Each structure stands twice: as structure tokens, then as C-alpha cells.
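Source file: coords_33.pdb. Holds: PDB, C-alpha atoms, pLDDT in the B column.
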ATOM      1  CA  MET S   1      -9.766  14.334  -1.483  1.00 61.00           C
ATOM      2  CA  GLN S   2      -8.302  15.930  -4.599  1.00 63.00           C
ATOM      3  CA  VAL S   3     -10.432  16.520  -7.704  1.00 62.00           C
ATOM      4  CA  GLU S   4      -8.806  16.989 -11.098  1.00 64.00           C
ATOM      5  CA  PRO S   5     -10.103  19.662 -13.520  1.00 71.00           C
ATOM      6  CA  GLU S   6     -11.711  16.887 -15.607  1.00 73.00           C
ATOM      7  CA  GLY S   7     -13.776  15.914 -12.556  1.00 70.00           C
ATOM      8  CA  GLU S   8     -11.694  12.816 -11.808  1.00 74.00           C
ATOM      9  CA  VAL S   9     -11.167  12.132  -8.097  1.00 72.00           C
ATOM     10  CA  LEU S  10      -7.634  11.272  -7.012  1.00 78.00           C
ATOM     11  CA  VAL S  11      -7.324   9.173  -3.880  1.00 87.00           C
ATOM     12  CA  GLU S  12      -4.175   8.125  -2.064  1.00 92.00           C
ATOM     13  CA  PRO S  13      -3.476   4.783  -0.443  1.00 95.00           C
ATOM     14  CA  LEU S  14      -3.908   4.731   3.310  1.00 94.00           C
ATOM     15  CA  ASN S  15      -2.930   1.223   4.357  1.00 94.00           C
ATOM     16  CA  ILE S  16      -1.885  -2.204   3.095  1.00 95.00           C
ATOM     17  CA  LEU S  17      -4.310  -4.774   4.458  1.00 96.00           C
ATOM     18  CA  ASP S  18      -3.078  -8.015   2.893  1.00 96.00           C
ATOM     19  CA  ARG S  19      -0.677  -9.541   0.385  1.00 97.00           C
ATOM     20  CA  ARG S  20      -1.031 -12.426  -2.093  1.00 97.00           C
ATOM     21  CA  GLU S  21       0.740 -14.061  -5.027  1.00 97.00           C
ATOM     22  CA  VAL S  22      -1.118 -14.487  -8.298  1.00 96.00           C
ATOM     23  CA  GLN S  23       0.057 -16.792 -11.072  1.00 94.00           C
ATOM     24  CA  LEU S  24       0.021 -15.051 -14.475  1.00 87.00           C
ATOM     25  CA  ARG S  25       0.982 -17.412 -17.256  1.00 89.00           C
ATOM     26  CA  LYS S  26       4.531 -18.476 -16.367  1.00 91.00           C
ATOM     27  CA  ARG S  27       5.300 -16.014 -13.591  1.00 93.00           C
ATOM     28  CA  ALA S  28       3.950 -15.118 -10.199  1.00 95.00           C
ATOM     29  CA  ILE S  29       3.303 -11.519  -9.215  1.00 95.00           C
ATOM     30  CA  THR S  30       2.698 -10.131  -5.762  1.00 97.00           C
ATOM     31  CA  GLN S  31      -0.383  -8.042  -5.139  1.00 97.00           C
ATOM     32  CA  VAL S  32      -1.227  -5.941  -2.112  1.00 97.00           C
ATOM     33  CA  LYS S  33      -4.728  -5.197  -0.861  1.00 97.00           C
ATOM     34  CA  VAL S  34      -4.883  -1.410  -0.524  1.00 97.00           C
ATOM     35  CA  GLN S  35      -7.273   0.600   1.595  1.00 96.00           C
ATOM     36  CA  TRP S  36      -7.699   4.027   0.008  1.00 95.00           C
ATOM     37  CA  ARG S  37      -8.013   7.301   1.925  1.00 93.00           C
ATOM     38  CA  HIS S  38     -11.670   8.281   2.516  1.00 90.00           C
ATOM     39  CA  TYR S  39     -12.833   4.682   1.897  1.00 93.00           C
ATOM     40  CA  GLY S  40     -13.408   1.818   4.292  1.00 95.00           C
ATOM     41  CA  PRO S  41     -11.531  -1.508   4.319  1.00 95.00           C
ATOM     42  CA  GLU S  42     -14.489  -3.198   2.598  1.00 96.00           C
ATOM     43  CA  GLU S  43     -13.721  -1.104  -0.506  1.00 96.00           C
ATOM     44  CA  ALA S  44     -10.016  -2.049  -0.632  1.00 97.00           C
ATOM     45  CA  THR S  45      -8.646  -3.193  -3.982  1.00 97.00           C
ATOM     46  CA  TRP S  46      -5.913  -5.612  -5.063  1.00 97.00           C
ATOM     47  CA  GLU S  47      -3.027  -3.781  -6.761  1.00 97.00           C
ATOM     48  CA  ASP S  48       0.324  -4.807  -8.244  1.00 97.00           C
ATOM     49  CA  GLU S  49       2.900  -4.458  -5.451  1.00 97.00           C
ATOM     50  CA  GLU S  50       5.722  -3.366  -7.762  1.00 96.00           C
ATOM     51  CA  LEU S  51       3.623  -0.546  -9.251  1.00 96.00           C
ATOM     52  CA  MET S  52       2.468   0.576  -5.798  1.00 97.00           C
ATOM     53  CA  ARG S  53       6.080   0.600  -4.509  1.00 96.00           C
ATOM     54  CA  ARG S  54       7.128   2.845  -7.404  1.00 96.00           C
ATOM     55  CA  SER S  55       4.110   5.156  -7.090  1.00 94.00           C
ATOM     56  CA  TYR S  56       3.828   5.307  -3.281  1.00 94.00           C
ATOM     57  CA  PRO S  57       7.149   4.319  -1.645  1.00 94.00           C
ATOM     58  CA  ALA S  58       6.191   5.956   1.673  1.00 92.00           C
ATOM     59  CA  LEU S  59       3.310   3.494   2.009  1.00 91.00           C
ATOM     60  CA  PHE S  60       5.813   0.643   2.331  1.00 87.00           C
ATOM     61  CA  VAL S  61       8.026   2.516   4.807  1.00 86.00           C
ATOM     62  CA  ALA S  62       4.957   2.982   7.006  1.00 64.00           C
ATOM     63  CA  GLU S  63       4.151  -0.726   6.621  1.00 68.00           C
ATOM     64  CA  ARG S  64       7.670  -1.718   7.767  1.00 63.00           C
ATOM     65  CA  HIS S  65       7.343   0.435  10.879  1.00 58.00           C
ATOM     66  CA  ARG S  66       3.887  -0.952  11.662  1.00 63.00           C
ATOM     67  CA  ASP S  67       5.141  -4.539  11.324  1.00 61.00           C
ATOM     68  CA  GLY S  68       8.140  -3.836  13.569  1.00 57.00           C
ATOM     69  CA  VAL S  69      10.669  -4.336  10.759  1.00 48.00           C
ATOM     70  CA  GLN S  70      13.469  -1.835  10.535  1.00 45.00           C
ATOM     71  CA  SER S  71      16.135  -0.990   8.001  1.00 40.00           C
ATOM     72  CA  GLN S  72      19.737  -0.467   8.937  1.00 40.00           C
ATOM     73  CA  GLY S  73      20.061   2.777  10.877  1.00 39.00           C
ATOM     74  CA  GLU S  74      16.349   3.062  11.737  1.00 38.00           C
ATOM     75  CA  GLU S  75      15.132   2.940  15.299  1.00 38.00           C
ATOM     76  CA  ILE S  76      11.568   1.981  16.051  1.00 37.00           C
ATOM     77  CA  VAL S  77      10.118   2.898  19.413  1.00 38.00           C
ATOM     78  CA  THR S  78       6.884   1.278  20.517  1.00 38.00           C
ATOM     79  CA  THR S  79       4.767   2.217  23.474  1.00 39.00           C
ATOM     80  CA  ARG S  80       2.288  -0.030  25.226  1.00 38.00           C
TER      81      ARG S  80
END
Go ahead and express the file in the form of C-alpha cells.
Amino acid sequence: MQVEPEGEVLVEPLNILDRREVQLRKRAITQVKVQWRHYGPEEATWEDEELMRRSYPALFVAERHRDGVQSQGEEIVTTR
């Protein structure tokens, strides 16, 4: 856990638990339910997917691998 000089705690996302669409006026936005490092799933928060993709792109790469989805040129090996 990283603490800023002002005493603010910075946490990083650990996992995406869920996804939903929310209607805001005339457009729908996608939100992801994020579990934060050092916090349990019960403390997960809903965040704007687009903002999370820009801020934490590696989180979505990890999600693709976990879901068994691969991009061109990627190889995913699973063991059972």
C-alpha cells in the first residue's frame, strides 16, 4: 500500500468482478466492479470502464487471459 506525503492512501485495482451498463441521460456507459488491492470483494466499487482502461490497461489484459480470450499473436496455456 502506497501512502502519499499528504497522508492519502493510493490503492491499485486487483480484479474486475462484474460489469454493467448504466443509462446516463441519453447515453449508456459501461461500469466495472473493481476489487482493490488490500481490500476484500465486499468493498469493491463500481467505476467507469473507459477511465479504468486508460488508467490501468494491464488490468484488462489480465482479465482477457482469465476469461480465456486472446488477442492475435497471444497464446494462452491453461493447466488443470
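For the structure in this document, the set picked by the PyMOL selection byres ((chain S and resi 47) around 9) is Thr30, Gln31, Val32, Lys33, Val34, Thr45, Trp46, Asp48, Glu49, Glu50, Leu51 and Met52 of chain S.
The environment of Asn15 (chain S) within 7 Å, counting all atoms listed in the file and disregarding residues fewer than 2 places along the same chain, consists of Pro13, Leu17, Val34 and Gln35 of chain S.
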Extract, using only C-alpha atoms, all DNA, RNA and protein residues at most 10 Å from region 6-11 of chain S, discarding same-chain residues fewer than 6 positions from it, and format them as number ranges by chain. S: 36-39
Write to file, as a PDB file, keeping the file's coordinate frame, the residues of the selection just made, with C-alpha atoms.
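out_32.pdb was written with the following content:
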ATOM      1  CA  TRP S  36      -7.699   4.027   0.008  1.00 95.00           C
ATOM      2  CA  ARG S  37      -8.013   7.301   1.925  1.00 93.00           C
ATOM      3  CA  HIS S  38     -11.670   8.281   2.516  1.00 90.00           C
ATOM      4  CA  TYR S  39     -12.833   4.682   1.897  1.00 93.00           C
TER       5      TYR S  39
END
CA of Ser55 (chain S) and CA of Ile16 (chain S), how far apart in Å? 13.9 Å
What separation in Å, quoted to one decimal, exists between CA of Asp18 (chain S) and CA of Phe60 (chain S)?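 Result for CA of Asp18 (chain S) versus CA of Phe60 (chain S): 12.4 Å, one decimal.
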If I wrap all listed atoms of region 3-21 of chain S in a box with edges along x, y and z and add 8 Å on each side, what are its centre and edge lengths in Å to one decimal, as JSON?
{"center_x": -6.5, "center_y": 2.8, "center_z": -5.6, "size_x": 30.5, "size_y": 49.7, "size_z": 36.1}
What gap, in Å, lies between CA of Glu43 (chain S) and CA of Leu14 (chain S)?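 One can read the CA of Glu43 (chain S) to CA of Leu14 (chain S) distance as 12.0 Å.
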